[in-house]
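Engineer: target-v6.cif (mmCIF, C-alpha atoms) pasted underneath:
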data_work
#
loop_
_atom_site.label_atom_id
_atom_site.label_comp_id
_atom_site.auth_asym_id
_atom_site.auth_seq_id
_atom_site.Cartn_x
_atom_site.Cartn_y
_atom_site.Cartn_z
CA MET A 1 0.00 0.00 0.00
CA ASN A 2 1.59 3.29 -1.04
CA ILE A 3 1.12 6.48 0.93
CA THR A 4 -1.75 7.78 -1.22
CA GLU A 5 -3.61 4.52 -0.73
CA ALA A 6 -2.86 4.71 3.00
CA LEU A 7 -4.23 8.26 3.22
CA ASN A 8 -7.33 7.11 1.36
CA TRP A 9 -7.71 4.22 3.80
CA ARG A 10 -7.57 6.45 6.87
CA TYR A 11 -10.45 8.54 8.14
CA ALA A 12 -11.30 10.61 11.23
CA THR A 13 -12.09 7.54 13.32
CA LYS A 14 -14.85 8.31 15.81
CA ARG A 15 -14.88 4.94 17.58
CA MET A 16 -11.92 2.72 18.38
CA ASN A 17 -11.74 -0.80 19.81
CA GLY A 18 -9.15 -0.43 22.53
CA HIS A 19 -6.59 -2.75 20.92
CA LYS A 20 -2.99 -1.87 21.68
CA ILE A 21 -0.45 -0.76 19.10
CA PRO A 22 2.71 -2.91 19.23
CA THR A 23 5.61 -0.94 20.71
CA GLU A 24 7.80 -1.02 17.59
CA LYS A 25 4.96 0.23 15.42
CA LEU A 26 4.20 3.03 17.87
CA ASN A 27 7.84 4.02 17.93
CA ARG A 28 7.98 4.27 14.14
CA ILE A 29 4.92 6.53 14.21
CA LEU A 30 6.50 8.71 16.91
CA ASP A 31 9.69 8.88 14.85
CA ALA A 32 7.63 10.46 12.07
CA ALA A 33 6.50 13.16 14.53
CA ARG A 34 10.11 13.80 15.46
CA LEU A 35 11.48 13.76 11.90
CA ALA A 36 9.01 16.37 10.62
CA PRO A 37 10.58 19.53 9.22
CA SER A 38 10.07 22.83 11.03
CA SER A 39 11.10 26.44 10.70
CA TYR A 40 14.94 26.53 11.01
CA GLY A 41 14.64 22.97 12.28
CA LEU A 42 13.78 24.34 15.73
CA GLN A 43 10.92 21.89 16.46
CA PRO A 44 9.30 24.26 18.98
CA TYR A 45 6.89 21.66 20.35
CA SER A 46 6.59 18.49 22.39
CA VAL A 47 4.35 15.47 21.99
CA LEU A 48 2.76 13.92 25.06
CA VAL A 49 2.24 10.17 24.74
CA ILE A 50 -0.51 9.13 27.10
CA GLU A 51 -1.48 5.59 27.94
CA ASP A 52 -2.49 6.25 31.57
CA GLU A 53 -6.25 5.55 31.82
CA ALA A 54 -6.99 7.71 34.85
CA LEU A 55 -5.34 10.68 33.16
CA ARG A 56 -7.25 10.03 29.95
CA GLU A 57 -10.53 10.10 31.89
CA LYS A 58 -9.67 13.59 33.11
CA ILE A 59 -8.73 14.66 29.58
CA SER A 60 -11.98 13.26 28.24
CA ALA A 61 -13.88 15.52 30.62
CA VAL A 62 -12.33 18.64 29.04
CA ALA A 63 -12.75 17.27 25.49
CA TYR A 64 -16.51 16.75 25.19
CA ASN A 65 -16.14 13.10 26.29
CA GLN A 66 -15.22 12.09 22.76
CA PRO A 67 -14.99 8.27 22.97
CA GLN A 68 -11.72 7.90 21.04
CA ILE A 69 -9.85 9.36 23.99
CA MET A 70 -10.56 6.28 26.10
CA GLU A 71 -10.86 3.79 23.22
CA ALA A 72 -7.50 4.67 21.64
CA SER A 73 -4.37 2.67 22.31
CA HIS A 74 -2.41 5.85 22.98
CA LEU A 75 -3.48 9.48 23.08
CA LEU A 76 -1.00 11.99 21.66
CA VAL A 77 -1.18 15.64 22.69
CA PHE A 78 0.74 18.05 20.48
CA ALA A 79 1.85 21.07 22.52
CA ALA A 80 3.63 24.11 21.09
CA MET A 81 6.06 26.37 22.90
CA ASP A 82 4.37 29.43 24.29
CA SER A 83 7.35 31.67 23.90
CA VAL A 84 10.38 30.59 21.89
CA ASP A 85 13.25 32.75 23.13
CA THR A 86 16.94 33.43 22.65
CA HIS A 87 17.88 30.79 25.21
CA PHE A 88 16.01 28.10 23.27
CA VAL A 89 17.76 29.09 20.04
CA GLU A 90 21.12 28.87 21.83
CA GLU A 91 20.27 25.38 23.05
CA PHE A 92 19.37 24.42 19.49
CA ILE A 93 22.63 25.78 18.11
CA ASP A 94 24.57 23.86 20.79
CA LEU A 95 22.72 20.67 19.86
CA THR A 96 23.43 21.22 16.15
CA ALA A 97 27.12 21.91 16.77
CA LEU A 98 27.40 18.78 18.95
CA GLU A 99 25.58 16.53 16.45
CA ARG A 100 27.59 17.77 13.49
CA GLY A 101 30.92 17.93 15.24
CA ILE A 102 31.46 21.62 14.55
CA SER A 103 31.94 24.55 16.89
CA ALA A 104 28.98 26.63 18.05
CA ASP A 105 31.10 29.72 17.34
CA SER A 106 31.16 28.88 13.63
CA MET A 107 27.35 29.12 13.67
CA GLU A 108 27.25 32.61 15.18
CA ASP A 109 25.74 34.32 12.10
CA TYR A 110 23.14 31.62 11.67
CA LYS A 111 22.27 31.79 15.36
CA ASN A 112 21.75 35.54 15.14
CA THR A 113 19.52 35.13 12.08
CA ILE A 114 17.29 32.73 13.99
CA ILE A 115 17.26 34.91 17.11
CA GLY A 116 16.24 37.84 14.93
CA ALA A 117 13.45 35.77 13.40
CA VAL A 118 11.97 34.51 16.67
CA ASN A 119 12.03 38.02 18.08
CA SER A 120 10.43 39.57 14.99
CA PHE A 121 6.81 38.78 15.82
CA ALA A 122 4.56 41.73 16.63
CA THR A 123 3.02 39.96 19.63
CA ASN A 124 3.70 36.88 21.72
CA GLU A 125 0.46 35.40 20.40
CA GLU A 126 1.78 35.69 16.83
CA ARG A 127 4.94 33.86 17.91
CA PHE A 128 2.83 31.15 19.52
CA HIS A 129 0.82 30.73 16.28
CA TRP A 130 4.07 30.28 14.39
CA ALA A 131 5.23 27.59 16.85
CA ALA A 132 1.81 25.92 16.71
CA LYS A 133 2.01 25.77 12.90
CA GLN A 134 5.24 23.80 13.16
CA ALA A 135 3.42 21.30 15.39
CA TYR A 136 0.73 20.98 12.70
CA ILE A 137 3.38 19.91 10.16
CA SER A 138 4.42 17.22 12.62
CA LEU A 139 0.79 16.14 12.93
CA GLY A 140 0.73 15.73 9.14
CA THR A 141 3.78 13.46 9.00
CA THR A 142 2.52 11.51 12.04
CA ILE A 143 -0.85 10.83 10.41
CA ALA A 144 0.83 9.73 7.19
CA ALA A 145 3.08 7.35 9.15
CA ALA A 146 0.17 5.98 11.18
CA ALA A 147 -1.81 5.35 7.98
CA ALA A 148 1.19 3.60 6.43
CA GLU A 149 1.29 1.37 9.53
CA GLN A 150 -2.49 0.77 9.23
CA VAL A 151 -3.06 2.52 12.53
CA ASP A 152 -6.04 4.84 12.85
CA ALA A 153 -5.57 8.43 13.93
CA SER A 154 -8.22 11.03 14.55
CA PRO A 155 -6.94 14.60 14.90
CA MET A 156 -9.03 16.72 17.26
CA GLU A 157 -9.12 20.45 17.95
CA GLY A 158 -12.29 20.09 20.05
CA PHE A 159 -11.13 20.46 23.64
CA ASP A 160 -10.56 23.19 26.19
CA PRO A 161 -6.86 24.04 25.81
CA LYS A 162 -6.66 26.10 28.99
CA GLU A 163 -8.12 23.31 31.12
CA LEU A 164 -5.96 20.72 29.42
CA ASP A 165 -2.82 22.78 29.98
CA ILE A 166 -3.59 22.90 33.70
CA LEU A 167 -4.31 19.17 33.83
CA LEU A 168 -1.02 18.30 32.14
CA GLY A 169 1.13 20.95 33.82
CA LEU A 170 2.05 22.41 30.44
CA LYS A 171 2.44 26.02 31.52
CA GLU A 172 5.30 25.04 33.81
CA ARG A 173 7.00 23.50 30.78
CA GLY A 174 6.42 26.61 28.61
CA LEU A 175 3.97 24.68 26.42
CA ARG A 176 0.35 25.04 25.28
CA SER A 177 -1.77 22.20 23.91
CA VAL A 178 -2.84 22.60 20.29
CA LEU A 179 -4.06 19.20 19.07
CA LEU A 180 -5.16 15.78 20.30
CA LEU A 181 -4.38 12.69 18.26
CA PRO A 182 -5.84 9.40 19.50
CA LEU A 183 -4.00 6.47 17.87
CA GLY A 184 -5.57 3.04 17.71
CA TYR A 185 -7.86 0.81 15.70
CA ARG A 186 -11.28 1.54 14.23
CA ASN A 187 -14.40 -0.09 15.65
CA THR A 188 -16.23 -0.37 12.36
CA ASN A 189 -19.51 -1.61 13.87
CA ALA A 190 -19.90 1.28 16.30
CA ASP A 191 -18.61 4.09 14.07
CA TRP A 192 -21.22 5.90 11.96
CA LEU A 193 -18.43 7.42 9.86
CA ALA A 194 -16.81 4.08 8.96
CA GLY A 195 -17.58 3.21 5.37
CA MET A 196 -18.74 6.74 4.49
CA LYS A 197 -17.19 8.13 1.32
CA LYS A 198 -14.25 10.45 1.91
CA VAL A 199 -15.09 14.00 0.81
CA ARG A 200 -12.48 16.31 -0.71
CA TRP A 201 -12.71 19.33 -2.96
CA PRO A 202 -12.25 18.33 -6.61
CA ARG A 203 -8.67 18.59 -7.90
CA ASP A 204 -9.53 21.50 -10.20
CA LYS A 205 -10.68 23.51 -7.17
CA MET A 206 -7.86 22.46 -4.83
CA PHE A 207 -5.01 22.97 -7.32
CA ILE A 208 -4.30 26.12 -9.30
CA ARG A 209 -1.79 25.43 -12.06
CA PHE A 210 0.65 27.72 -13.85
CA PRO A 211 0.79 27.44 -16.77
CA ARG A 212 -2.93 26.76 -16.73
CA ALA A 213 -3.90 23.29 -17.92
CA SER A 214 -4.97 23.63 -21.55
CA SER A 215 -8.68 23.14 -22.13
CA PRO A 216 -9.69 20.04 -24.04
CA ALA A 217 -10.32 20.83 -27.71
CA MET B 218 11.94 2.09 2.29
CA ASN B 219 9.33 2.69 4.99
CA ILE B 220 8.09 6.16 5.85
CA THR B 221 10.49 6.67 8.76
CA GLU B 222 13.42 5.81 6.51
CA ALA B 223 12.01 8.15 3.86
CA LEU B 224 11.73 11.00 6.38
CA ASN B 225 15.30 10.33 7.46
CA TRP B 226 16.41 10.41 3.82
CA ARG B 227 14.81 13.77 3.12
CA TYR B 228 16.29 17.11 4.18
CA ALA B 229 15.67 20.81 3.54
CA THR B 230 17.27 20.71 0.11
CA LYS B 231 18.98 24.03 -0.66
CA ARG B 232 20.08 23.22 -4.22
CA MET B 233 18.22 21.18 -6.82
CA ASN B 234 19.26 19.97 -10.26
CA GLY B 235 16.28 20.98 -12.40
CA HIS B 236 15.25 17.42 -13.27
CA LYS B 237 11.54 16.98 -13.85
CA ILE B 238 9.28 14.84 -11.70
CA PRO B 239 7.31 12.34 -13.81
CA THR B 240 3.63 13.33 -14.03
CA GLU B 241 2.27 10.26 -12.25
CA LYS B 242 4.67 10.70 -9.35
CA LEU B 243 3.78 14.38 -9.04
CA ASN B 244 0.09 13.52 -9.05
CA ARG B 245 0.54 11.02 -6.22
CA ILE B 246 2.33 13.70 -4.18
CA LEU B 247 -0.45 16.20 -4.90
CA ASP B 248 -3.01 13.59 -3.88
CA ALA B 249 -1.34 13.49 -0.46
CA ALA B 250 -1.87 17.25 -0.16
CA ARG B 251 -5.53 16.80 -1.04
CA LEU B 252 -6.11 13.79 1.23
CA ALA B 253 -4.75 15.50 4.35
CA PRO B 254 -7.22 15.81 7.22
CA SER B 255 -8.44 19.25 8.27
CA SER B 256 -10.80 20.78 10.78
CA TYR B 257 -14.31 19.46 9.97
CA GLY B 258 -12.80 18.30 6.68
CA LEU B 259 -13.19 21.84 5.31
CA GLN B 260 -9.76 22.04 3.62
CA PRO B 261 -9.74 25.85 3.73
CA TYR B 262 -6.75 26.21 1.41
CA SER B 263 -5.52 25.80 -2.14
CA VAL B 264 -2.21 24.63 -3.53
CA LEU B 265 -0.67 26.44 -6.47
CA VAL B 266 1.38 24.18 -8.72
CA ILE B 267 3.86 26.30 -10.62
CA GLU B 268 6.04 25.12 -13.46
CA ASP B 269 6.03 28.42 -15.43
CA GLU B 270 9.62 29.73 -15.40
CA ALA B 271 8.86 33.40 -15.97
CA LEU B 272 6.47 33.36 -13.03
CA ARG B 273 9.02 31.57 -10.85
CA GLU B 274 11.55 34.29 -11.62
CA LYS B 275 9.14 36.86 -10.24
CA ILE B 276 8.48 34.72 -7.17
CA SER B 277 12.20 34.30 -6.61
CA ALA B 278 12.54 38.08 -6.43
CA VAL B 279 10.15 38.24 -3.44
CA ALA B 280 11.71 35.17 -1.79
CA TYR B 281 15.33 36.22 -1.26
CA ASN B 282 16.32 34.60 -4.60
CA GLN B 283 16.54 31.21 -2.96
CA PRO B 284 17.87 28.95 -5.74
CA GLN B 285 15.44 26.05 -5.19
CA ILE B 286 12.64 28.18 -6.62
CA MET B 287 14.19 28.05 -10.10
CA GLU B 288 15.97 24.70 -9.70
CA ALA B 289 12.89 22.78 -8.58
CA SER B 290 10.80 20.73 -10.95
CA HIS B 291 7.63 22.30 -9.59
CA LEU B 292 7.08 24.98 -7.00
CA LEU B 293 4.07 24.52 -4.72
CA VAL B 294 2.54 27.49 -2.93
CA PHE B 295 0.21 26.65 -0.05
CA ALA B 296 -2.37 29.41 0.35
CA ALA B 297 -4.97 29.53 3.13
CA MET B 298 -8.40 31.14 2.96
CA ASP B 299 -8.39 34.63 4.36
CA SER B 300 -11.92 34.49 5.64
CA VAL B 301 -13.81 31.21 5.81
CA ASP B 302 -17.48 32.18 5.89
CA THR B 303 -21.00 30.75 6.05
CA HIS B 304 -21.19 30.50 2.26
CA PHE B 305 -18.06 28.33 2.13
CA VAL B 306 -19.47 26.01 4.79
CA GLU B 307 -22.70 25.70 2.80
CA GLU B 308 -20.71 24.77 -0.32
CA PHE B 309 -18.88 22.14 1.72
CA ILE B 310 -22.13 20.68 3.05
CA ASP B 311 -23.55 20.55 -0.49
CA LEU B 312 -20.42 18.76 -1.70
CA THR B 313 -20.63 16.28 1.19
CA ALA B 314 -24.32 15.59 0.56
CA LEU B 315 -23.67 15.05 -3.16
CA GLU B 316 -20.68 12.76 -2.61
CA ARG B 317 -22.46 10.66 0.00
CA GLY B 318 -25.83 10.58 -1.73
CA ILE B 319 -27.70 12.10 1.20
CA SER B 320 -29.76 15.27 1.44
CA ALA B 321 -28.16 18.54 2.56
CA ASP B 322 -31.22 19.04 4.79
CA SER B 323 -30.27 15.99 6.85
CA MET B 324 -26.96 17.73 7.65
CA GLU B 325 -28.58 20.92 8.98
CA ASP B 326 -27.39 20.47 12.58
CA TYR B 327 -23.87 19.61 11.49
CA LYS B 328 -23.81 22.59 9.15
CA ASN B 329 -24.86 24.92 11.96
CA THR B 330 -22.16 23.49 14.24
CA ILE B 331 -19.50 24.27 11.65
CA ILE B 332 -20.91 27.72 10.93
CA GLY B 333 -20.84 28.43 14.66
CA ALA B 334 -17.21 27.28 14.82
CA VAL B 335 -15.94 29.35 11.90
CA ASN B 336 -17.69 32.43 13.29
CA SER B 337 -16.36 31.91 16.81
CA PHE B 338 -12.94 33.49 16.32
CA ALA B 339 -12.29 36.76 18.14
CA THR B 340 -10.72 38.37 15.08
CA ASN B 341 -10.43 37.64 11.38
CA GLU B 342 -6.69 37.18 11.89
CA GLU B 343 -7.37 34.37 14.37
CA ARG B 344 -9.62 32.71 11.80
CA PHE B 345 -6.89 33.05 9.19
CA HIS B 346 -4.36 31.41 11.56
CA TRP B 347 -6.75 28.50 12.02
CA ALA B 348 -7.09 28.08 8.23
CA ALA B 349 -3.33 28.39 7.80
CA LYS B 350 -2.77 25.62 10.37
CA GLN B 351 -4.89 23.27 8.28
CA ALA B 352 -2.62 24.03 5.31
CA TYR B 353 0.38 23.11 7.47
CA ILE B 354 -1.10 19.64 8.08
CA SER B 355 -1.35 19.27 4.32
CA LEU B 356 2.28 20.33 4.00
CA GLY B 357 3.17 17.52 6.41
CA THR B 358 1.42 14.79 4.43
CA THR B 359 2.81 16.20 1.16
CA ILE B 360 6.37 16.08 2.45
CA ALA B 361 5.89 12.53 3.69
CA ALA B 362 4.53 11.50 0.28
CA ALA B 363 7.33 13.25 -1.57
CA ALA B 364 9.93 11.51 0.61
CA ALA B 365 8.24 8.15 0.00
CA GLU B 366 8.54 8.87 -3.75
CA GLN B 367 12.21 9.88 -3.30
CA VAL B 368 11.42 13.42 -4.33
CA ASP B 369 13.07 16.27 -2.46
CA ALA B 370 10.98 18.97 -0.85
CA SER B 371 12.16 22.07 0.93
CA PRO B 372 9.49 23.94 2.90
CA MET B 373 10.08 27.70 3.04
CA GLU B 374 8.49 30.44 5.10
CA GLY B 375 11.10 32.96 3.93
CA PHE B 376 9.27 35.17 1.42
CA ASP B 377 7.19 38.33 1.38
CA PRO B 378 3.60 37.04 1.57
CA LYS B 379 2.00 40.38 0.69
CA GLU B 380 4.09 40.74 -2.46
CA LEU B 381 3.54 37.12 -3.40
CA ASP B 382 -0.22 37.46 -2.96
CA ILE B 383 -0.23 40.40 -5.37
CA LEU B 384 1.92 38.51 -7.88
CA LEU B 385 -0.36 35.47 -7.84
CA GLY B 386 -3.67 37.33 -7.62
CA LEU B 387 -4.50 35.54 -4.39
CA LYS B 388 -6.54 38.29 -2.76
CA GLU B 389 -9.11 38.08 -5.56
CA ARG B 390 -9.43 34.39 -4.75
CA GLY B 391 -9.82 35.01 -1.00
CA LEU B 392 -6.45 33.37 -0.33
CA ARG B 393 -3.17 34.32 1.37
CA SER B 394 0.14 32.54 0.77
CA VAL B 395 1.58 30.74 3.81
CA LEU B 396 4.29 28.36 2.57
CA LEU B 397 6.46 27.59 -0.44
CA LEU B 398 7.40 24.01 -1.24
CA PRO B 399 9.84 23.46 -4.10
CA LEU B 400 9.69 19.82 -5.28
CA GLY B 401 12.54 18.30 -7.22
CA TYR B 402 15.85 16.51 -6.92
CA ARG B 403 18.87 17.37 -4.79
CA ASN B 404 22.07 18.65 -6.37
CA THR B 405 24.41 17.00 -3.90
CA ASN B 406 27.59 18.63 -5.24
CA ALA B 407 26.30 22.19 -4.93
CA ASP B 408 24.40 21.83 -1.65
CA TRP B 409 26.35 22.55 1.54
CA LEU B 410 23.59 20.90 3.58
CA ALA B 411 23.67 17.61 1.65
CA GLY B 412 25.33 14.95 3.76
CA MET B 413 25.08 16.97 6.97
CA LYS B 414 23.69 15.01 9.89
CA LYS B 415 19.99 15.58 10.55
CA VAL B 416 19.48 17.32 13.90
CA ARG B 417 16.47 16.59 16.09
CA TRP B 418 15.85 16.98 19.80
CA PRO B 419 16.48 13.70 21.62
CA ARG B 420 13.40 11.51 22.09
CA ASP B 421 13.37 12.06 25.86
CA LYS B 422 13.02 15.79 25.29
CA MET B 423 10.53 15.60 22.41
CA PHE B 424 8.22 13.04 24.04
CA ILE B 425 6.63 13.29 27.47
CA ARG B 426 5.16 9.97 28.52
CA PHE B 427 2.35 9.11 30.93
CA PRO B 428 2.86 6.88 32.77
CA ARG B 429 6.44 8.04 32.91
CA ALA B 430 8.95 5.53 31.54
CA SER B 431 10.46 3.70 34.50
CA SER B 432 14.11 4.49 35.09
CA PRO B 433 16.57 1.70 34.42
CA ALA B 434 17.59 -0.06 37.66
#
As structure tokens, what does this structure read like?
Structural biologist:
Amino acid sequence: MNITEALNWRYATKRMNGHKIPTEKLNRILDAARLAPSSYGLQPYSVLVIEDEALREKISAVAYNQPQIMEASHLLVFAAMDSVDTHFVEEFIDLTALERGISADSMEDYKNTIIGAVNSFATNEERFHWAAKQAYISLGTTIAAAAAEQVDASPMEGFDPKELDILLGLKERGLRSVLLLPLGYRNTNADWLAGMKKVRWPRDKMFIRFPRASSPA
Amino acid sequence: MNITEALNWRYATKRMNGHKIPTEKLNRILDAARLAPSSYGLQPYSVLVIEDEALREKISAVAYNQPQIMEASHLLVFAAMDSVDTHFVEEFIDLTALERGISADSMEDYKNTIIGAVNSFATNEERFHWAAKQAYISLGTTIAAAAAEQVDASPMEGFDPKELDILLGLKERGLRSVLLLPLGYRNTNADWLAGMKKVRWPRDKMFIRFPRASSPA
């Protein structure tokens, strides 16, 4: 099954069956979250990997009791950094220098470019949106990897982020929750959406081509 | 090559060699952009697919003359809807009803839920950020698909969106550019980044697990 077929196979699973994802499969899916590209490669987000049932019950209560939260094998929470700062960029430069066996000093210009960029936002909220967008790229690669592994994934924005941040202690970590992603296996019998045709805008609406596709004669 | 290997293989290609992506391969990559999930399935974005060289020269001028723009096979521009409105939701409901062979009337409650959601943002800018985030998910699945097809992809936020919107006539379409994605093939000899080690935060920083992983004895 190629990736297009896998993305066609997946859908926003509303009901899951509680079966557990084998550890190696889960780790490959998490690797896809970690390998996603991001602005300057900064990866200004974390992913919470939640199996704990008691904690999931509390999360469910601030997420409209959507059943996937309890029925998933694992619940991922994507959380973006509230306020990427100079210190974080310095840490990133140190990591890059270490990994590539070069000196951090040789990256001084590049470091200053990134520091300039992360301090260029008009408001802290704009900076947070930028960090959140990077987490959304990671969601995209994670969903593609899950589909390729025939694991269901149901991205959810429907929850109370402030309450969830308190529940998970995210503020203390400089993070804010942006997305939930239950991972698991569809319960076809219970799910009204299973078997429904996938709906997407037609290609000629979604894609705008230059040069324009020539009209048929 | 599985998807994790493909994501490890890819990198933010700075120099490409101008080779053309075969049409079928390109179409599979574009399908991954179109099959990405989005909030309520609305897909509030378009993807411009640009081969036209004269147009790419103009784009290059508002994007710091980054060489991938001309050296790519195709340049994608992800553009999010500036102002998702009630009319757009109605169009989406009509499409869904048509595709699934049900009546739009039977989706009245669902339609009103979505209309309530898209009108719930405090400002139009907040609504635009939400639409842009959906486009970033699509970027993530597109990059995963490109990597699986051994096609290089280099996401870029470094351009002047206002100038680019004018150049591409996006305002008239109710769109704003959010990301560039040159697709093509790496020019390993010319690219300083080719062969450099990929840098990512260690797993124990990126992932926060509940229950916490037990410490080794």
Engineer: List the spatial neighbours of Ile246 (chain B) as a PyMOL selection string - criterion: any atom at most 8 Å away, all atoms listed in the file, same-chain residues fewer than 2 positions off excluded.
Structural biologist: (chain A and resi 4) or (chain B and resi 242-244+248-250+359+362-363+366)
Engineer: If the cut-off is 7 Å, can you tell me the residues of chain B near chain A, counting all atoms listed in the file? I'd like them as a ChimeraX atom specification.
Structural biologist: /B:220-221,224-225,245,248-249,251-252,263-269,313,316-317,350,353-358,361-362,414,416-417,423-428
Engineer: List the residues matched by the PyMOL selection byres ((chain B and resi 232) around 8) in the displayed structure as a ChimeraX atom specification, ordered by chain and then by residue number.
Structural biologist: /B:230-231,233-234,284-285,288,403-405,407-408
Engineer: State, in Å with one decimal place, the distance from CA of Ala271 (chain B) to CA of Val368 (chain B).
Structural biologist: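 Interatomic distance here is 23.3 Å.
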Engineer: Suppose a student applies the PyMOL selection byres ((chain A and resi 160) around 12) to this structure; what residues should they get, written as number ranges by chain?
Structural biologist: A: 58-65, 156-159, 161-167, 176-180
Engineer: For Asp152 (chain A), which residue out of A:Ala194, A:Met81, A:Val89, A:Ala104 is the nearest one, using all atoms listed in the file?
Structural biologist: A:Ala194
Engineer: Quick one: distance from CA of Glu91 (chain A) to CA of Thr123 (chain A) in Å, one decimal?
Structural biologist: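 The value is 22.8 Å.
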Engineer: How many Å separate CA of Asp109 (chain A) from CA of Met287 (chain B)?
Structural biologist: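 Rounded to one decimal, the two atoms are 25.8 Å apart.
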Engineer: Residue by residue, what does the PyMOL selection byres ((chain A and resi 82) around 8) grab here? Present the result as a list in words.
Structural biologist: Ala80, Met81, Ser83, Val84, Asn124, Arg127, Phe128, Ala131, Gly174, Leu175 and Arg176 of chain A
Engineer: Using only C-alpha atoms for the distances, tell me which of B:Asn406, B:Asp311, B:Lys237, B:Leu387 is nearest to Ser323 (chain B).
Structural biologist: B:Asp311
